[in-house]
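Undergrad: Here you go, this is coords.pdb (PDB, C-alpha atoms, pLDDT in the B column).
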```pdb
ATOM      1  CA  MET A1235      83.919  76.548 146.824  1.00 73.00           C
ATOM      2  CA  ALA A1236      84.320  80.290 147.260  1.00 93.00           C
ATOM      3  CA  VAL A1237      82.596  83.619 146.891  1.00 95.00           C
ATOM      4  CA  LEU A1238      84.555  85.641 144.345  1.00 97.00           C
ATOM      5  CA  PRO A1239      84.888  89.434 144.062  1.00 96.00           C
ATOM      6  CA  ILE A1240      82.481  90.891 141.484  1.00 97.00           C
ATOM      7  CA  ARG A1241      83.898  93.299 138.922  1.00 97.00           C
ATOM      8  CA  LEU A1242      82.115  96.641 138.743  1.00 97.00           C
ATOM      9  CA  PHE A1243      81.230  98.739 135.721  1.00 96.00           C
ATOM     10  CA  PRO A1244      83.162 100.150 133.860  1.00 94.00           C
ATOM     11  CA  ASP A1245      85.840  97.445 134.324  1.00 96.00           C
ATOM     12  CA  PRO A1246      87.245  96.622 130.845  1.00 96.00           C
ATOM     13  CA  VAL A1247      86.571  92.874 131.276  1.00 97.00           C
ATOM     14  CA  LEU A1248      82.850  93.742 131.357  1.00 97.00           C
ATOM     15  CA  ARG A1249      83.059  95.614 128.069  1.00 96.00           C
ATOM     16  CA  THR A1250      85.048  93.055 126.075  1.00 97.00           C
ATOM     17  CA  ARG A1251      83.813  89.960 124.221  1.00 98.00           C
ATOM     18  CA  ALA A1252      84.746  86.887 126.270  1.00 98.00           C
ATOM     19  CA  ASP A1253      86.795  84.029 124.804  1.00 98.00           C
ATOM     20  CA  GLU A1254      85.348  80.667 123.796  1.00 98.00           C
ATOM     21  CA  VAL A1255      85.947  77.892 126.318  1.00 98.00           C
ATOM     22  CA  THR A1256      88.216  75.241 124.810  1.00 98.00           C
ATOM     23  CA  GLU A1257      89.255  73.258 127.902  1.00 97.00           C
ATOM     24  CA  PHE A1258      86.645  71.350 129.878  1.00 98.00           C
ATOM     25  CA  ASP A1259      88.483  70.330 133.045  1.00 97.00           C
ATOM     26  CA  GLY A1260      88.468  70.489 136.821  1.00 97.00           C
ATOM     27  CA  ALA A1261      89.364  74.187 136.789  1.00 98.00           C
ATOM     28  CA  LEU A1262      86.227  74.938 134.777  1.00 98.00           C
ATOM     29  CA  GLU A1263      84.101  72.845 137.157  1.00 98.00           C
ATOM     30  CA  LYS A1264      85.509  74.770 140.140  1.00 98.00           C
ATOM     31  CA  LEU A1265      84.832  78.084 138.404  1.00 98.00           C
ATOM     32  CA  VAL A1266      81.185  77.060 137.864  1.00 98.00           C
ATOM     33  CA  GLU A1267      80.840  76.091 141.563  1.00 98.00           C
ATOM     34  CA  ASP A1268      82.441  79.355 142.698  1.00 98.00           C
ATOM     35  CA  MET A1269      80.211  81.360 140.359  1.00 98.00           C
ATOM     36  CA  PHE A1270      77.100  79.697 141.826  1.00 98.00           C
ATOM     37  CA  ASP A1271      78.338  80.521 145.347  1.00 97.00           C
ATOM     38  CA  THR A1272      79.038  84.121 144.331  1.00 97.00           C
ATOM     39  CA  MET A1273      75.691  84.597 142.579  1.00 97.00           C
ATOM     40  CA  ARG A1274      73.732  83.161 145.494  1.00 95.00           C
ATOM     41  CA  ALA A1275      75.704  85.119 148.120  1.00 95.00           C
ATOM     42  CA  ASP A1276      74.620  88.337 146.395  1.00 93.00           C
ATOM     43  CA  ASN A1277      71.031  87.147 145.728  1.00 93.00           C
ATOM     44  CA  GLY A1278      71.480  87.212 141.967  1.00 95.00           C
ATOM     45  CA  VAL A1279      69.623  85.127 139.402  1.00 97.00           C
ATOM     46  CA  GLY A1280      72.501  85.008 136.925  1.00 98.00           C
ATOM     47  CA  LEU A1281      76.234  85.608 136.746  1.00 98.00           C
ATOM     48  CA  ALA A1282      78.600  85.648 133.770  1.00 98.00           C
ATOM     49  CA  ALA A1283      82.293  84.740 134.050  1.00 98.00           C
ATOM     50  CA  PRO A1284      83.507  88.252 133.092  1.00 98.00           C
ATOM     51  CA  GLN A1285      81.703  89.562 136.178  1.00 98.00           C
ATOM     52  CA  VAL A1286      84.235  87.668 138.298  1.00 98.00           C
ATOM     53  CA  GLY A1287      87.129  88.772 136.088  1.00 97.00           C
ATOM     54  CA  VAL A1288      87.319  85.653 133.900  1.00 98.00           C
ATOM     55  CA  SER A1289      87.039  86.336 130.176  1.00 98.00           C
ATOM     56  CA  LEU A1290      85.345  83.068 129.224  1.00 98.00           C
ATOM     57  CA  ARG A1291      81.975  82.423 127.570  1.00 98.00           C
ATOM     58  CA  LEU A1292      80.193  80.905 130.559  1.00 98.00           C
ATOM     59  CA  PHE A1293      77.253  81.864 132.746  1.00 98.00           C
ATOM     60  CA  VAL A1294      75.331  80.365 135.657  1.00 98.00           C
ATOM     61  CA  PHE A1295      71.704  80.992 136.553  1.00 98.00           C
ATOM     62  CA  ASP A1296      69.139  80.194 139.215  1.00 97.00           C
ATOM     63  CA  CYS A1297      65.730  81.716 138.555  1.00 94.00           C
ATOM     64  CA  GLY A1298      63.954  79.607 141.178  1.00 89.00           C
ATOM     65  CA  ASP A1299      61.373  76.876 140.596  1.00 82.00           C
ATOM     66  CA  GLY A1300      64.121  74.441 139.580  1.00 83.00           C
ATOM     67  CA  GLU A1301      65.338  76.710 136.782  1.00 84.00           C
ATOM     68  CA  ALA A1302      69.050  76.537 137.583  1.00 95.00           C
ATOM     69  CA  GLY A1303      72.070  75.560 135.532  1.00 98.00           C
ATOM     70  CA  HIS A1304      75.075  76.778 133.624  1.00 98.00           C
ATOM     71  CA  VAL A1305      75.930  77.166 129.954  1.00 98.00           C
ATOM     72  CA  VAL A1306      79.383  77.209 128.376  1.00 98.00           C
ATOM     73  CA  ASN A1307      79.750  78.832 124.933  1.00 98.00           C
ATOM     74  CA  PRO A1308      76.032  79.713 124.788  1.00 98.00           C
ATOM     75  CA  GLU A1309      74.074  80.545 121.656  1.00 98.00           C
ATOM     76  CA  TRP A1310      70.459  81.639 122.043  1.00 98.00           C
ATOM     77  CA  GLU A1311      67.595  82.335 119.680  1.00 98.00           C
ATOM     78  CA  PRO A1312      64.091  83.704 120.171  1.00 98.00           C
ATOM     79  CA  ARG A1313      61.012  81.487 120.072  1.00 97.00           C
ATOM     80  CA  GLY A1314      58.391  83.695 118.484  1.00 96.00           C
ATOM     81  CA  GLU A1315      58.191  87.464 118.310  1.00 97.00           C
ATOM     82  CA  GLU A1316      56.571  88.249 121.688  1.00 98.00           C
ATOM     83  CA  MET A1317      58.564  90.781 123.676  1.00 98.00           C
ATOM     84  CA  GLN A1318      58.622  91.677 127.365  1.00 98.00           C
ATOM     85  CA  TYR A1319      59.532  95.045 128.830  1.00 96.00           C
ATOM     86  CA  GLY A1320      60.661  94.972 132.422  1.00 95.00           C
ATOM     87  CA  MET A1321      63.087  95.867 135.162  1.00 96.00           C
ATOM     88  CA  GLU A1322      66.636  94.528 135.232  1.00 97.00           C
ATOM     89  CA  GLY A1323      69.501  94.910 137.617  1.00 96.00           C
ATOM     90  CA  CYS A1324      73.051  93.607 137.595  1.00 97.00           C
ATOM     91  CA  LEU A1325      75.522  92.490 140.243  1.00 97.00           C
ATOM     92  CA  SER A1326      78.173  94.574 138.434  1.00 97.00           C
ATOM     93  CA  VAL A1327      76.093  97.758 138.833  1.00 97.00           C
ATOM     94  CA  PRO A1328      74.712  97.319 142.379  1.00 96.00           C
ATOM     95  CA  GLY A1329      71.607  99.288 143.232  1.00 95.00           C
ATOM     96  CA  VAL A1330      70.987 100.453 139.659  1.00 96.00           C
ATOM     97  CA  TYR A1331      67.887  99.150 137.880  1.00 96.00           C
ATOM     98  CA  GLY A1332      66.202  99.937 134.610  1.00 95.00           C
ATOM     99  CA  ASN A1333      63.634  98.755 132.110  1.00 96.00           C
ATOM    100  CA  VAL A1334      64.867  96.701 129.157  1.00 97.00           C
ATOM    101  CA  GLU A1335      62.962  95.131 126.284  1.00 98.00           C
ATOM    102  CA  ARG A1336      63.787  91.451 125.710  1.00 98.00           C
ATOM    103  CA  TYR A1337      62.307  88.466 123.913  1.00 98.00           C
ATOM    104  CA  ASN A1338      59.777  86.712 126.126  1.00 98.00           C
ATOM    105  CA  HIS A1339      60.646  83.171 125.002  1.00 98.00           C
ATOM    106  CA  VAL A1340      64.126  81.930 124.050  1.00 98.00           C
ATOM    107  CA  ILE A1341      66.139  78.750 123.749  1.00 98.00           C
ATOM    108  CA  VAL A1342      69.841  78.550 124.581  1.00 98.00           C
ATOM    109  CA  ARG A1343      72.246  75.811 123.567  1.00 98.00           C
ATOM    110  CA  GLY A1344      75.806  75.215 124.641  1.00 98.00           C
ATOM    111  CA  ARG A1345      77.862  72.842 126.770  1.00 98.00           C
ATOM    112  CA  ASP A1346      78.104  72.005 130.443  1.00 98.00           C
ATOM    113  CA  CYS A1347      81.423  72.142 132.295  1.00 97.00           C
ATOM    114  CA  GLN A1348      82.218  68.550 131.229  1.00 97.00           C
ATOM    115  CA  GLY A1349      81.662  69.434 127.558  1.00 98.00           C
ATOM    116  CA  ASN A1350      78.278  67.709 127.220  1.00 98.00           C
ATOM    117  CA  PRO A1351      75.584  69.432 125.140  1.00 98.00           C
ATOM    118  CA  VAL A1352      72.936  71.337 127.119  1.00 98.00           C
ATOM    119  CA  GLU A1353      69.782  73.139 126.113  1.00 98.00           C
ATOM    120  CA  TYR A1354      67.421  75.307 128.151  1.00 97.00           C
ATOM    121  CA  GLU A1355      64.160  76.820 127.008  1.00 96.00           C
ATOM    122  CA  GLY A1356      62.866  79.747 129.000  1.00 95.00           C
ATOM    123  CA  THR A1357      60.137  82.323 129.194  1.00 96.00           C
ATOM    124  CA  GLU A1358      59.807  85.507 131.210  1.00 96.00           C
ATOM    125  CA  LEU A1359      62.529  85.682 133.920  1.00 96.00           C
ATOM    126  CA  LEU A1360      64.626  82.797 132.564  1.00 97.00           C
ATOM    127  CA  ALA A1361      64.418  84.222 129.028  1.00 98.00           C
ATOM    128  CA  ARG A1362      65.475  87.643 130.343  1.00 98.00           C
ATOM    129  CA  CYS A1363      68.332  86.076 132.322  1.00 98.00           C
ATOM    130  CA  ILE A1364      69.658  84.111 129.317  1.00 98.00           C
ATOM    131  CA  GLN A1365      69.711  87.254 127.182  1.00 98.00           C
ATOM    132  CA  HIS A1366      71.221  89.442 129.935  1.00 98.00           C
ATOM    133  CA  GLU A1367      74.017  86.979 130.752  1.00 98.00           C
ATOM    134  CA  THR A1368      74.821  86.314 127.097  1.00 98.00           C
ATOM    135  CA  ASP A1369      75.063  90.081 126.591  1.00 98.00           C
ATOM    136  CA  HIS A1370      77.740  90.102 129.317  1.00 98.00           C
ATOM    137  CA  LEU A1371      79.727  87.552 127.303  1.00 98.00           C
ATOM    138  CA  ASN A1372      79.585  89.948 124.362  1.00 98.00           C
ATOM    139  CA  GLY A1373      80.767  92.912 126.447  1.00 98.00           C
ATOM    140  CA  ILE A1374      77.298  94.496 126.598  1.00 98.00           C
ATOM    141  CA  MET A1375      75.876  95.868 129.848  1.00 98.00           C
ATOM    142  CA  PHE A1376      72.094  96.051 130.341  1.00 98.00           C
ATOM    143  CA  MET A1377      72.182  99.873 130.215  1.00 97.00           C
ATOM    144  CA  LYS A1378      73.234  99.641 126.567  1.00 96.00           C
ATOM    145  CA  GLN A1379      69.961  97.775 125.841  1.00 97.00           C
ATOM    146  CA  GLN A1380      67.811 100.492 127.399  1.00 97.00           C
ATOM    147  CA  ARG A1381      65.913 103.225 125.607  1.00 96.00           C
ATOM    148  CA  ALA A1382      67.997 106.412 125.418  1.00 96.00           C
ATOM    149  CA  GLU A1383      66.084 108.314 128.122  1.00 95.00           C
ATOM    150  CA  ASP A1384      66.231 105.337 130.507  1.00 95.00           C
ATOM    151  CA  ARG A1385      69.956 104.845 129.818  1.00 96.00           C
ATOM    152  CA  LYS A1386      70.641 108.475 130.760  1.00 96.00           C
ATOM    153  CA  LEU A1387      68.918 107.992 134.115  1.00 95.00           C
ATOM    154  CA  ALA A1388      70.720 104.706 134.808  1.00 95.00           C
ATOM    155  CA  MET A1389      74.120 106.170 133.947  1.00 96.00           C
ATOM    156  CA  ALA A1390      73.480 109.142 136.253  1.00 96.00           C
ATOM    157  CA  GLU A1391      72.730 106.651 139.048  1.00 96.00           C
ATOM    158  CA  VAL A1392      75.975 104.807 138.248  1.00 96.00           C
ATOM    159  CA  ARG A1393      78.052 107.998 138.360  1.00 95.00           C
ATOM    160  CA  ASN A1394      76.467 109.022 141.687  1.00 95.00           C
ATOM    161  CA  SER A1395      76.838 105.609 143.349  1.00 95.00           C
ATOM    162  CA  GLN A1396      79.251 105.006 146.220  1.00 93.00           C
ATOM    163  CA  TRP A1397      80.903 102.112 144.393  1.00 94.00           C
ATOM    164  CA  PHE A1398      81.599 103.940 141.094  1.00 93.00           C
ATOM    165  CA  GLY A1399      85.340 104.073 140.482  1.00 89.00           C
ATOM    166  CA  GLN A1400      86.028 100.989 142.605  1.00 87.00           C
ATOM    167  CA  PRO A1401      87.543  97.938 140.846  1.00 84.00           C
ATOM    168  CA  PHE A1402      85.259  95.322 142.372  1.00 84.00           C
ATOM    169  CA  LEU A1403      82.653  94.551 144.973  1.00 76.00           C
ATOM    170  CA  HIS A1404      84.243  92.578 147.773  1.00 66.00           C
ATOM    171  CA  PRO A1405      82.702  89.198 148.597  1.00 64.00           C
ATOM    172  CA  GLN A1406      79.526  89.611 150.633  1.00 53.00           C
ATOM    173  CA  GLY A1407      79.081  93.266 149.568  1.00 48.00           C
TER
END
```
Would you mind writing the file's structure down as structure tokens?

TA:
Amino acid sequence: MAVLPIRLFPDPVLRTRADEVTEFDGALEKLVEDMFDTMRADNGVGLAAPQVGVSLRLFVFDCGDGEAGHVVNPEWEPRGEEMQYGMEGCLSVPGVYGNVERYNHVIVRGRDCQGNPVEYEGTELLARCIQHETDHLNGIMFMKQQRAEDRKLAMAEVRNSQWFGQPFLHPQG
């Protein structure tokens, strides 16, 4: 188990659609373990494989209250039309936060690292996390989901940050 370096925006791996996972083996299991270690070391609630430089459709999450797991090749859909509007951050844009509108209730289906089917249903924070992490797998950063005026503010924060222009955040910040 290891804490991996986190790729920082605008790294190309963060802006490219990740590849489907086709091999469910020990290497994938180790990646999942390392991603959990990395996410927890940086106090995140979710982490997608591209954020650690691996272009695979996989994310891990731990939203507290026993809401932890991982999903390989995820597909999500909304449950109802209720939306939530709230603050998001991202380990790949440290210190930058912004409001994003998301579905309030979603279900995600995919596989675990052994290839077994998994399904998680979430509301509020878990729903937001599922959508945010799946966006990463599609090469979409949370700023892209913001309203235009909010995106401008977030991008100004990015450009003025100390980390902007660096390839990755070293383990443990």

Undergrad: Any idea what's packed within 10 Å of Glu1355 in chain A, counting all atoms listed in the file, ignoring anything in its chain fewer than 2 positions away? Could you give it as a list in words?

TA: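 Listing them by chain and then by number gives Glu1301, Trp1310, Glu1311, Pro1312, Arg1313, His1339, Val1340, Ile1341, Val1342, Arg1343, Glu1353, Thr1357, Leu1360, Ala1361 and Ile1364 of chain A.
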
Undergrad: Got a sec to check which residues sit within 12 Å of (74.7, 93.4, 138.6), counting only C-alpha atoms, and write them as a ChimeraX atom specification?

TA: /A:1240-1244,1248,1272-1273,1276-1282,1284-1286,1322-1332,1363,1366-1367,1370,1375-1377,1392,1402-1403,1407

Undergrad: Suppose a student applies the PyMOL selection byres ((chain A and resi 1303-1308) around 8) to this structure; what residues should they get, written as a list in words?

TA: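 In the shown coordinates, the PyMOL selection byres ((chain A and resi 1303-1308) around 8) covers Glu1254, Val1255, Val1266, Arg1291, Leu1292, Phe1293, Val1294, Phe1295, Asp1296, Glu1301, Ala1302, Glu1309, Trp1310, Val1342, Arg1343, Gly1344, Arg1345, Asp1346, Cys1347, Val1352 and Thr1368 of chain A.
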
Undergrad: How would the residues just chosen look if you wrote them out with C-alpha atoms as a compact mmCIF listing (two decimals), keeping the file's coordinate frame?

TA:
```
# COMPACT_ATOMS: atom_id res chain seq x y z
CA GLU A 1254 85.35 80.67 123.80
CA VAL A 1255 85.95 77.89 126.32
CA VAL A 1266 81.18 77.06 137.86
CA ARG A 1291 81.98 82.42 127.57
CA LEU A 1292 80.19 80.90 130.56
CA PHE A 1293 77.25 81.86 132.75
CA VAL A 1294 75.33 80.36 135.66
CA PHE A 1295 71.70 80.99 136.55
CA ASP A 1296 69.14 80.19 139.22
CA GLU A 1301 65.34 76.71 136.78
CA ALA A 1302 69.05 76.54 137.58
CA GLU A 1309 74.07 80.54 121.66
CA TRP A 1310 70.46 81.64 122.04
CA VAL A 1342 69.84 78.55 124.58
CA ARG A 1343 72.25 75.81 123.57
CA GLY A 1344 75.81 75.22 124.64
CA ARG A 1345 77.86 72.84 126.77
CA ASP A 1346 78.10 72.00 130.44
CA CYS A 1347 81.42 72.14 132.29
CA VAL A 1352 72.94 71.34 127.12
CA THR A 1368 74.82 86.31 127.10
```

Undergrad: Convert the output of the PyMOL selection byres ((chain A and resi 1334) around 12) on the shown file into explicit residues, formatted as an MDAnalysis selection string.

TA: chainID A and resid 1317:1323 1331:1333 1335:1338 1362:1363 1365:1366 1375:1385 1388

Undergrad: Which residue gives the smallest distance to Asp1271 in chain A among A:Gly1373, A:Asp1259, A:Val1237, A:Asn1350, with only C-alpha atoms counted?

TA: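 Using only C-alpha atoms, Asp1271 in chain A sits closest to A:Val1237.
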
Undergrad: Could you state the separation of CA of Met1235 in chain A and CA of Phe1398 in chain A in Å, given to one decimal place?

TA: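 Here the two named atoms are 28.1 Å from each other.
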
Undergrad: Could you tell me how far CA of Pro1239 in chain A sits from CA of Ala1283 in chain A, in Å to one decimal place?

TA: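 Pair CA of Ala1283 in chain A / CA of Pro1239 in chain A returns 11.4 Å.
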
Undergrad: Of the candidates A:Ala1236, A:Arg1251, A:Asp1245, A:Asp1369, which one gets nearest to Gly1399 in chain A if we count all atoms listed in the file?

TA: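 Comparing A:Ala1236, A:Arg1251, A:Asp1245, A:Asp1369 against Gly1399 in chain A, the winner is A:Asp1245.
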
Undergrad: From the set A:Gln1348, A:Pro1401, A:Cys1297, A:Ser1289, which residue has the shortest atom-to-atom contact distance to Lys1264 in chain A, counting only C-alpha atoms?

TA: A:Gln1348
